[in-house]
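upload_14.txt (compact mmCIF, N, CA and C atoms) appears below.
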# COMPACT_ATOMS: atom_id res chain seq x y z
N MET D 251 25.27 102.68 35.61
CA MET D 251 24.05 101.93 35.36
C MET D 251 22.96 102.37 36.34
N GLU D 252 23.35 102.83 37.52
CA GLU D 252 22.36 103.28 38.50
C GLU D 252 21.58 104.49 37.99
N VAL D 253 22.26 105.39 37.27
CA VAL D 253 21.58 106.57 36.73
C VAL D 253 20.57 106.14 35.66
N VAL D 254 20.97 105.22 34.78
CA VAL D 254 20.06 104.70 33.76
C VAL D 254 18.86 104.03 34.43
N SER D 255 19.12 103.24 35.44
CA SER D 255 18.05 102.55 36.15
C SER D 255 17.06 103.54 36.77
N THR D 256 17.58 104.60 37.33
CA THR D 256 16.72 105.62 37.94
C THR D 256 15.81 106.26 36.91
N HIS D 257 16.36 106.58 35.73
CA HIS D 257 15.57 107.19 34.67
C HIS D 257 14.54 106.23 34.09
N LEU D 258 14.80 104.93 34.19
CA LEU D 258 13.90 103.94 33.59
C LEU D 258 12.95 103.27 34.57
N GLN D 259 13.04 103.59 35.85
CA GLN D 259 12.12 102.97 36.80
C GLN D 259 10.69 103.26 36.38
N ASP D 260 9.89 102.20 36.31
CA ASP D 260 8.48 102.26 35.93
C ASP D 260 8.25 102.56 34.46
N ALA D 261 9.24 102.33 33.62
CA ALA D 261 9.03 102.44 32.18
C ALA D 261 8.12 101.31 31.73
N VAL D 262 7.31 101.56 30.71
CA VAL D 262 6.41 100.57 30.16
C VAL D 262 7.01 100.06 28.85
N VAL D 263 7.08 98.73 28.74
CA VAL D 263 7.71 98.08 27.59
C VAL D 263 6.76 97.03 27.04
N LYS D 264 6.60 96.98 25.73
CA LYS D 264 5.89 95.86 25.10
C LYS D 264 6.93 94.80 24.75
N ALA D 265 6.57 93.55 24.91
CA ALA D 265 7.50 92.46 24.58
C ALA D 265 7.99 92.58 23.14
N ALA D 266 7.14 93.07 22.25
CA ALA D 266 7.51 93.23 20.84
C ALA D 266 8.60 94.27 20.64
N ASP D 267 8.81 95.12 21.63
CA ASP D 267 9.82 96.18 21.52
C ASP D 267 11.17 95.79 22.14
N ILE D 268 11.33 94.53 22.47
CA ILE D 268 12.62 94.02 22.94
C ILE D 268 13.24 93.24 21.77
N HIS D 269 14.36 93.73 21.27
CA HIS D 269 14.98 93.14 20.09
C HIS D 269 16.39 92.63 20.40
N TRP D 270 16.56 91.32 20.32
CA TRP D 270 17.86 90.65 20.48
C TRP D 270 18.41 90.43 19.08
N ARG D 271 19.54 91.03 18.77
CA ARG D 271 20.15 90.94 17.45
C ARG D 271 21.51 90.25 17.59
N PRO D 272 21.50 88.92 17.64
CA PRO D 272 22.74 88.18 17.92
C PRO D 272 23.85 88.39 16.89
N ALA D 273 23.50 88.60 15.64
CA ALA D 273 24.54 88.82 14.62
C ALA D 273 25.29 90.13 14.87
N GLU D 274 24.63 91.07 15.56
CA GLU D 274 25.24 92.37 15.87
C GLU D 274 25.71 92.46 17.33
N ASN D 275 25.49 91.39 18.09
CA ASN D 275 25.79 91.39 19.53
C ASN D 275 25.14 92.59 20.22
N ARG D 276 23.85 92.76 19.94
CA ARG D 276 23.14 93.96 20.42
C ARG D 276 21.75 93.60 20.90
N VAL D 277 21.31 94.30 21.95
CA VAL D 277 19.92 94.25 22.41
C VAL D 277 19.42 95.69 22.43
N VAL D 278 18.24 95.90 21.83
CA VAL D 278 17.62 97.22 21.81
C VAL D 278 16.22 97.08 22.40
N VAL D 279 15.89 97.99 23.31
CA VAL D 279 14.58 97.98 23.97
C VAL D 279 13.93 99.34 23.75
N GLY D 280 12.76 99.33 23.10
CA GLY D 280 11.97 100.55 22.97
C GLY D 280 11.01 100.62 24.14
N LEU D 281 10.88 101.77 24.75
CA LEU D 281 10.05 101.88 25.95
C LEU D 281 9.46 103.26 26.10
N ASN D 282 8.46 103.34 26.96
CA ASN D 282 7.85 104.62 27.34
C ASN D 282 8.24 104.86 28.79
N ARG D 283 9.23 105.73 28.98
CA ARG D 283 9.72 105.95 30.33
C ARG D 283 8.92 107.04 31.03
N PHE D 284 8.71 106.86 32.33
CA PHE D 284 8.05 107.88 33.14
C PHE D 284 9.08 108.98 33.40
N ASP D 285 8.68 110.22 33.25
CA ASP D 285 9.59 111.36 33.42
C ASP D 285 9.64 111.76 34.89
N TRP D 286 10.52 111.08 35.63
CA TRP D 286 10.64 111.33 37.07
C TRP D 286 11.14 112.74 37.37
N GLU D 287 11.95 113.32 36.48
CA GLU D 287 12.45 114.67 36.71
C GLU D 287 11.30 115.67 36.79
N ALA D 288 10.32 115.54 35.87
CA ALA D 288 9.17 116.45 35.87
C ALA D 288 8.24 116.16 37.05
N ALA D 289 8.07 114.89 37.40
CA ALA D 289 7.17 114.52 38.51
C ALA D 289 7.69 115.04 39.85
N ASN D 290 9.01 115.04 40.01
CA ASN D 290 9.60 115.48 41.27
C ASN D 290 9.96 116.96 41.26
N GLY D 291 9.74 117.64 40.14
CA GLY D 291 10.04 119.07 40.03
C GLY D 291 8.97 119.92 40.68
N ALA D 292 9.14 121.22 40.58
CA ALA D 292 8.23 122.17 41.21
C ALA D 292 6.80 122.07 40.67
N ALA D 293 6.66 121.77 39.37
CA ALA D 293 5.33 121.73 38.75
C ALA D 293 4.61 120.40 38.96
N HIS D 294 5.30 119.36 39.38
CA HIS D 294 4.73 118.01 39.59
C HIS D 294 3.91 117.55 38.37
N GLN D 295 4.54 117.58 37.21
CA GLN D 295 3.88 117.13 35.98
C GLN D 295 4.11 115.64 35.80
N PHE D 296 3.06 114.92 35.46
CA PHE D 296 3.17 113.49 35.18
C PHE D 296 3.17 113.31 33.67
N ARG D 297 4.27 112.78 33.15
CA ARG D 297 4.37 112.58 31.71
C ARG D 297 5.30 111.42 31.39
N ARG D 298 5.20 110.96 30.16
CA ARG D 298 6.05 109.87 29.67
C ARG D 298 6.76 110.33 28.40
N ARG D 299 7.86 109.64 28.11
CA ARG D 299 8.66 109.92 26.91
C ARG D 299 9.00 108.62 26.23
N ARG D 300 8.96 108.58 24.91
CA ARG D 300 9.43 107.43 24.15
C ARG D 300 10.96 107.46 24.19
N ALA D 301 11.55 106.31 24.49
CA ALA D 301 13.01 106.22 24.61
C ALA D 301 13.49 104.87 24.09
N ALA D 302 14.78 104.79 23.87
CA ALA D 302 15.41 103.54 23.45
C ALA D 302 16.60 103.26 24.36
N LEU D 303 16.74 102.01 24.75
CA LEU D 303 17.86 101.56 25.55
C LEU D 303 18.60 100.53 24.71
N ARG D 304 19.90 100.75 24.51
CA ARG D 304 20.70 99.86 23.66
C ARG D 304 21.90 99.34 24.43
N PHE D 305 22.13 98.03 24.28
CA PHE D 305 23.32 97.39 24.83
C PHE D 305 24.09 96.76 23.69
N ASP D 306 25.38 97.04 23.60
CA ASP D 306 26.26 96.43 22.61
C ASP D 306 27.19 95.46 23.31
N ARG D 307 27.88 94.64 22.50
CA ARG D 307 28.82 93.63 22.99
C ARG D 307 28.12 92.58 23.87
N VAL D 308 26.88 92.26 23.48
CA VAL D 308 26.08 91.27 24.20
C VAL D 308 26.42 89.88 23.68
N LEU D 309 26.85 89.00 24.57
CA LEU D 309 27.23 87.64 24.20
C LEU D 309 26.06 86.66 24.27
N ALA D 310 25.10 86.92 25.18
CA ALA D 310 23.94 86.05 25.34
C ALA D 310 22.80 86.86 25.92
N CYS D 311 21.58 86.48 25.56
CA CYS D 311 20.36 87.12 26.04
C CYS D 311 19.43 86.04 26.55
N LYS D 312 19.09 86.11 27.83
CA LYS D 312 18.22 85.10 28.43
C LYS D 312 17.07 85.81 29.14
N CYS D 313 15.94 85.12 29.23
CA CYS D 313 14.81 85.72 29.94
C CYS D 313 14.12 84.70 30.82
N ARG D 314 13.40 85.23 31.81
CA ARG D 314 12.60 84.41 32.72
C ARG D 314 11.27 85.13 32.92
N ASN D 315 10.20 84.36 32.83
CA ASN D 315 8.83 84.89 33.02
C ASN D 315 8.48 85.99 32.02
N LEU D 316 9.07 85.92 30.83
CA LEU D 316 8.71 86.81 29.73
C LEU D 316 8.40 85.91 28.55
N ASP D 317 7.30 86.18 27.88
CA ASP D 317 6.89 85.33 26.77
C ASP D 317 7.11 86.06 25.46
N ALA D 318 8.15 85.68 24.71
CA ALA D 318 8.48 86.34 23.45
C ALA D 318 7.39 86.16 22.41
N VAL D 319 6.54 85.15 22.56
CA VAL D 319 5.46 84.91 21.61
C VAL D 319 4.34 85.93 21.80
N GLN D 320 4.10 86.36 23.02
CA GLN D 320 3.05 87.34 23.32
C GLN D 320 3.58 88.74 23.08
N LYS D 321 3.55 89.17 21.83
CA LYS D 321 4.14 90.46 21.45
C LYS D 321 3.45 91.65 22.10
N ASP D 322 2.16 91.52 22.47
CA ASP D 322 1.44 92.62 23.09
C ASP D 322 1.55 92.63 24.62
N GLN D 323 2.31 91.69 25.18
CA GLN D 323 2.51 91.64 26.63
C GLN D 323 3.14 92.96 27.08
N VAL D 324 2.51 93.63 28.05
CA VAL D 324 3.02 94.90 28.57
C VAL D 324 3.79 94.62 29.85
N LEU D 325 5.01 95.15 29.89
CA LEU D 325 5.90 94.92 31.02
C LEU D 325 6.21 96.24 31.71
N ASN D 326 6.36 96.19 33.02
CA ASN D 326 6.73 97.38 33.79
C ASN D 326 8.16 97.18 34.27
N LEU D 327 9.08 97.99 33.77
CA LEU D 327 10.49 97.88 34.13
C LEU D 327 10.72 98.50 35.50
N LEU D 328 11.29 97.72 36.41
CA LEU D 328 11.55 98.22 37.76
C LEU D 328 12.99 98.69 37.94
N ALA D 329 13.95 97.95 37.35
CA ALA D 329 15.35 98.30 37.59
C ALA D 329 16.25 97.70 36.52
N VAL D 330 17.41 98.34 36.33
CA VAL D 330 18.47 97.84 35.45
C VAL D 330 19.74 97.82 36.29
N ALA D 331 20.43 96.69 36.30
CA ALA D 331 21.63 96.57 37.14
C ALA D 331 22.74 95.88 36.36
N PHE D 332 23.99 96.18 36.74
CA PHE D 332 25.16 95.53 36.15
C PHE D 332 25.95 94.86 37.26
N SER D 333 26.34 93.62 37.00
CA SER D 333 27.15 92.87 37.95
C SER D 333 28.39 92.40 37.21
N ALA D 334 29.57 92.84 37.66
CA ALA D 334 30.83 92.48 37.01
C ALA D 334 31.18 91.02 37.29
N LYS D 335 31.69 90.37 36.25
CA LYS D 335 32.17 88.98 36.36
C LYS D 335 33.40 88.87 35.49
N GLY D 336 34.57 88.96 36.09
CA GLY D 336 35.79 88.93 35.31
C GLY D 336 35.93 90.20 34.49
N GLU D 337 35.99 91.34 35.17
CA GLU D 337 35.98 92.66 34.52
C GLU D 337 36.84 92.68 33.28
N PRO D 338 36.37 93.33 32.23
CA PRO D 338 35.19 94.21 32.19
C PRO D 338 33.88 93.49 31.89
N ALA D 339 33.91 92.18 31.73
CA ALA D 339 32.69 91.42 31.43
C ALA D 339 31.75 91.40 32.63
N GLY D 340 30.50 91.05 32.35
CA GLY D 340 29.53 90.96 33.43
C GLY D 340 28.15 90.65 32.92
N THR D 341 27.17 90.91 33.77
CA THR D 341 25.78 90.62 33.46
C THR D 341 24.94 91.87 33.71
N VAL D 342 24.12 92.21 32.73
CA VAL D 342 23.13 93.27 32.88
C VAL D 342 21.80 92.59 33.15
N THR D 343 21.10 93.03 34.17
CA THR D 343 19.81 92.44 34.52
C THR D 343 18.74 93.51 34.49
N LEU D 344 17.71 93.28 33.67
CA LEU D 344 16.54 94.14 33.63
C LEU D 344 15.43 93.40 34.37
N THR D 345 14.94 93.99 35.44
CA THR D 345 13.92 93.36 36.28
C THR D 345 12.57 94.04 36.05
N PHE D 346 11.56 93.22 35.78
CA PHE D 346 10.22 93.71 35.51
C PHE D 346 9.28 93.28 36.64
N SER D 347 8.18 94.02 36.84
CA SER D 347 7.20 93.62 37.84
C SER D 347 6.62 92.26 37.43
N GLY D 348 6.15 91.51 38.41
CA GLY D 348 5.60 90.19 38.15
C GLY D 348 6.66 89.12 38.02
N GLY D 349 7.92 89.45 38.28
CA GLY D 349 9.00 88.46 38.26
C GLY D 349 9.69 88.28 36.93
N GLY D 350 9.38 89.09 35.93
CA GLY D 350 10.06 88.99 34.65
C GLY D 350 11.49 89.51 34.74
N VAL D 351 12.40 88.79 34.08
CA VAL D 351 13.81 89.18 34.09
C VAL D 351 14.40 88.98 32.71
N LEU D 352 15.18 89.95 32.25
CA LEU D 352 15.97 89.83 31.04
C LEU D 352 17.42 89.94 31.47
N ARG D 353 18.21 88.92 31.17
CA ARG D 353 19.61 88.88 31.61
C ARG D 353 20.51 88.85 30.38
N LEU D 354 21.44 89.81 30.33
CA LEU D 354 22.37 89.94 29.22
C LEU D 354 23.79 89.68 29.70
N ASP D 355 24.45 88.70 29.11
CA ASP D 355 25.87 88.49 29.38
C ASP D 355 26.62 89.38 28.41
N VAL D 356 27.46 90.27 28.95
CA VAL D 356 28.14 91.25 28.10
C VAL D 356 29.66 91.13 28.22
N GLU D 357 30.31 91.40 27.10
CA GLU D 357 31.77 91.41 27.05
C GLU D 357 32.31 92.55 27.91
N CYS D 358 31.63 93.68 27.85
CA CYS D 358 31.88 94.84 28.71
C CYS D 358 30.60 95.67 28.69
N LEU D 359 30.49 96.61 29.60
CA LEU D 359 29.27 97.42 29.69
C LEU D 359 29.33 98.55 28.67
N GLU D 360 28.52 98.44 27.64
CA GLU D 360 28.41 99.47 26.62
C GLU D 360 26.93 99.69 26.38
N ALA D 361 26.39 100.80 26.90
CA ALA D 361 24.96 101.05 26.86
C ALA D 361 24.68 102.50 26.50
N GLU D 362 23.48 102.72 25.93
CA GLU D 362 23.04 104.07 25.63
C GLU D 362 21.54 104.15 25.87
N LEU D 363 21.12 105.22 26.54
CA LEU D 363 19.71 105.54 26.73
C LEU D 363 19.46 106.85 26.01
N ALA D 364 18.47 106.87 25.13
CA ALA D 364 18.17 108.08 24.37
C ALA D 364 16.67 108.32 24.30
N ASP D 365 16.25 109.56 24.57
CA ASP D 365 14.87 109.95 24.36
C ASP D 365 14.68 110.14 22.86
N LEU D 366 13.53 109.69 22.34
CA LEU D 366 13.32 109.68 20.90
C LEU D 366 12.37 110.75 20.38
N GLY D 367 11.70 111.44 21.25
CA GLY D 367 10.75 112.44 20.77
C GLY D 367 10.13 113.20 21.92
N PRO D 368 9.05 113.91 21.62
CA PRO D 368 8.41 114.73 22.66
C PRO D 368 7.72 113.87 23.71
N CYS D 369 7.42 114.51 24.84
CA CYS D 369 6.73 113.81 25.93
C CYS D 369 5.23 114.04 25.79
N TRP D 370 4.45 113.24 26.54
CA TRP D 370 3.01 113.43 26.58
C TRP D 370 2.55 113.29 28.03
N SER D 371 1.44 113.91 28.34
CA SER D 371 0.91 113.91 29.70
C SER D 371 0.27 112.57 30.03
N THR D 372 0.35 112.22 31.31
CA THR D 372 -0.33 111.04 31.83
C THR D 372 -1.02 111.46 33.12
N ASP D 373 -2.07 110.75 33.49
CA ASP D 373 -2.89 111.15 34.64
C ASP D 373 -2.34 110.73 35.99
N CYS D 374 -1.44 109.75 36.00
CA CYS D 374 -1.03 109.23 37.30
C CYS D 374 0.48 109.02 37.38
N CYS D 375 0.92 108.94 38.61
CA CYS D 375 2.32 108.67 38.92
C CYS D 375 2.42 107.22 39.38
N PRO D 376 3.36 106.46 38.83
CA PRO D 376 3.49 105.04 39.23
C PRO D 376 3.76 104.90 40.72
N GLU D 377 3.17 103.87 41.31
CA GLU D 377 3.40 103.54 42.72
C GLU D 377 3.55 102.04 42.86
N HIS D 378 4.40 101.59 43.78
CA HIS D 378 4.51 100.18 44.11
C HIS D 378 5.21 100.06 45.46
N ALA D 379 5.00 98.93 46.10
CA ALA D 379 5.60 98.70 47.42
C ALA D 379 7.11 98.67 47.27
N ILE D 380 7.80 99.41 48.10
CA ILE D 380 9.26 99.51 48.01
C ILE D 380 9.95 98.22 48.39
N ASP D 381 9.48 97.54 49.43
CA ASP D 381 10.19 96.36 49.90
C ASP D 381 9.59 95.05 49.37
N ALA D 382 8.74 95.12 48.35
CA ALA D 382 8.17 93.90 47.77
C ALA D 382 9.12 93.36 46.70
N VAL D 383 9.72 92.21 46.95
CA VAL D 383 10.61 91.58 45.99
C VAL D 383 10.00 90.25 45.59
N PRO D 384 9.63 90.10 44.30
CA PRO D 384 9.00 88.85 43.89
C PRO D 384 9.93 87.66 44.04
N ALA D 385 9.39 86.53 44.49
CA ALA D 385 10.21 85.33 44.68
C ALA D 385 10.84 84.89 43.38
N GLU D 386 10.16 85.15 42.25
CA GLU D 386 10.68 84.73 40.95
C GLU D 386 11.97 85.47 40.58
N ALA D 387 12.27 86.58 41.25
CA ALA D 387 13.45 87.38 40.89
C ALA D 387 14.74 86.80 41.47
N SER D 388 14.65 85.76 42.26
CA SER D 388 15.86 85.20 42.84
C SER D 388 16.70 84.53 41.77
N ASP D 389 17.99 84.38 42.03
CA ASP D 389 18.89 83.75 41.07
C ASP D 389 18.70 82.24 41.00
N GLN D 390 17.85 81.68 41.85
CA GLN D 390 17.65 80.23 41.88
C GLN D 390 16.71 79.74 40.79
N ALA D 391 15.85 80.61 40.28
CA ALA D 391 14.86 80.18 39.28
C ALA D 391 15.54 79.95 37.94
N PRO D 392 15.02 79.01 37.14
CA PRO D 392 15.63 78.73 35.84
C PRO D 392 15.44 79.88 34.87
N ILE D 393 16.37 80.02 33.96
CA ILE D 393 16.31 81.06 32.95
C ILE D 393 16.33 80.38 31.60
N ARG D 394 15.47 80.84 30.68
CA ARG D 394 15.46 80.25 29.34
C ARG D 394 15.93 81.29 28.34
N LEU D 395 16.44 80.83 27.23
CA LEU D 395 16.96 81.70 26.20
C LEU D 395 15.83 82.44 25.52
N ALA D 396 15.99 83.75 25.32
CA ALA D 396 14.97 84.54 24.65
C ALA D 396 14.95 84.19 23.17
N LYS D 397 13.76 84.27 22.59
CA LYS D 397 13.64 84.01 21.16
C LYS D 397 14.26 85.17 20.40
N GLN D 398 14.91 84.86 19.32
CA GLN D 398 15.57 85.88 18.52
C GLN D 398 14.57 86.53 17.59
N GLY D 399 14.82 87.80 17.30
CA GLY D 399 13.90 88.46 16.38
C GLY D 399 14.30 89.85 16.08
Can the structure in the file be given as structure tokens, please?
Amino acid sequence: MEVVSTHLQDAVVKAADIHWRPAENRVVVGLNRFDWEAANGAAHQFRRRRAALRFDRVLACKCRNLDAVQKDQVLNLLAVAFSAKGEPAGTVTLTFSGGGVLRLDVECLEAELADLGPCWSTDCCPEHAIDAVPAEASDQAPIRLAKQG
């Protein structure tokens, strides 16, 4: 999961592109990931790629500080993490800037990240404070169930 998280750091996601499919026990997220490999390479190219992140065997999908009604809400994905709870089950946590969190309870970790097409150039490289952790990201804050769609 650390490798997936590294590839997705600073990906841009629209709330409308997060799909919880409870009948299929699946969550699919469409996103525009920043191409860190190109940015850190010899040419220092800044570009993004359309990608999809899929989780299967999802038992529950909960969110905090994300509004499923605001479909045009733009989110900046900071990290994806897995925490085991009674292996192989556990929790996948997608953390967004501004304190947004998507938490998936999974039967086991089954995920796929796939690039969907060509990349395009962008003018800037994402930056943010490394040690800034939003208070809303703590496990103490309440979590509400994401709307299905």
Let's see if you can do this: from backbone DSSP, list all alpha helix (DSSP H) residues in chain D, as JSON, numbers by chain. {"D": [252, 253, 254, 255, 256, 257, 258, 286, 287, 288, 289]}
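Distance check against Asn275 (chain D) using all atoms listed in the file: of D:Arg299, D:Leu325, D:Phe305, D:Met251, the minimum falls on D:Phe305.
Non-sequential neighbours of region 362-379 of chain D (distance at most 6 Å, separation of 6 or more positions within a chain, all atoms listed in the file) are D:Phe296, D:Arg297, D:Arg298, D:Arg299, D:Arg300, D:Ala301, D:Ala302, D:Leu303, D:Arg304, D:Phe305.
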Rank D:Asp306, D:Thr256, D:Arg314, D:Pro272 by their smallest atom-to-atom distance to Trp286 (chain D), using only N, CA and C atoms, and report the top residue only.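 Ranking D:Asp306, D:Thr256, D:Arg314, D:Pro272 by distance to Trp286 (chain D), first place goes to D:Thr256.
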Coordinates-based distance that separates atom C of Asn326 (chain D) from CA of Leu354 (chain D) (Å, one decimal): 16.7 Å
Computed gap from CA of Val351 (chain D) to CA of Lys335 (chain D) is 18.5 Å
Need to verify the contact set: Glu252 (chain D), 12 Å, only C-alpha atoms, exclusion of same-chain residues closer than 6 positions in sequence. Can you return it as a list in words?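 Counting only C-alpha atoms, the residues come to Leu258, Gln259, Leu328, Ala329, Val330, Ala331, Phe332, Ser333, Val342, Thr343 and Leu344 of chain D.
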Selected residues, N, CA and C atoms, written as a CSV table (one decimal), in the frame of the given file, please.
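Saved to part.csv:
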chain,number,residue,atom,x,y,z
D,258,LEU,N,14.8,104.9,34.2
D,258,LEU,CA,13.9,103.9,33.6
D,258,LEU,C,13.0,103.3,34.6
D,259,GLN,N,13.0,103.6,35.8
D,259,GLN,CA,12.1,103.0,36.8
D,259,GLN,C,10.7,103.3,36.4
D,328,LEU,N,11.3,97.7,36.4
D,328,LEU,CA,11.6,98.2,37.8
D,328,LEU,C,13.0,98.7,37.9
D,329,ALA,N,14.0,98.0,37.4
D,329,ALA,CA,15.4,98.3,37.6
D,329,ALA,C,16.2,97.7,36.5
D,330,VAL,N,17.4,98.3,36.3
D,330,VAL,CA,18.5,97.8,35.4
D,330,VAL,C,19.7,97.8,36.3
D,331,ALA,N,20.4,96.7,36.3
D,331,ALA,CA,21.6,96.6,37.1
D,331,ALA,C,22.7,95.9,36.4
D,332,PHE,N,24.0,96.2,36.7
D,332,PHE,CA,25.2,95.5,36.2
D,332,PHE,C,26.0,94.9,37.3
D,333,SER,N,26.3,93.6,37.0
D,333,SER,CA,27.2,92.9,38.0
D,333,SER,C,28.4,92.4,37.2
D,342,VAL,N,24.1,92.2,32.7
D,342,VAL,CA,23.1,93.3,32.9
D,342,VAL,C,21.8,92.6,33.2
D,343,THR,N,21.1,93.0,34.2
D,343,THR,CA,19.8,92.4,34.5
D,343,THR,C,18.7,93.5,34.5
D,344,LEU,N,17.7,93.3,33.7
D,344,LEU,CA,16.5,94.1,33.6
D,344,LEU,C,15.4,93.4,34.4
Interatomic distance between CA of Gly280 (chain D) and CA of Thr345 (chain D)?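 Computing the Euclidean distance for CA of Gly280 (chain D) and CA of Thr345 (chain D) yields 15.3 Å.
Using only N, CA and C atoms, the nearest neighbour of Leu281 (chain D) within the list D:Val263, D:Leu327, D:Leu309, D:Ala293 is D:Val263.
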Where in chain D does DSSP assign strand (DSSP E or B), given as a count of residues only? 76
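Residues lying within 8 Å of Ala266 (chain D), counting only C-alpha atoms and ignoring same-chain neighbours fewer than 4 positions away, are D:Ala318, D:Gln320, D:Lys321, D:Asp322, D:Gln323.
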Between D:Arg353, D:Arg307, D:Lys312, D:Arg283, which one has atoms that come closest to Asp260 (chain D), using all atoms listed in the file? D:Arg283
Using the file's own x, y and z axes, what box holds all listed atoms of region 329-336 of chain D with 8 Å on each side, keeping edges along x, y and z, and what are its centre and edge lengths in Å to one decimal, as JSON?
{"center_x": 24.9, "center_y": 93.6, "center_z": 36.2, "size_x": 38.0, "size_y": 25.5, "size_z": 19.5}
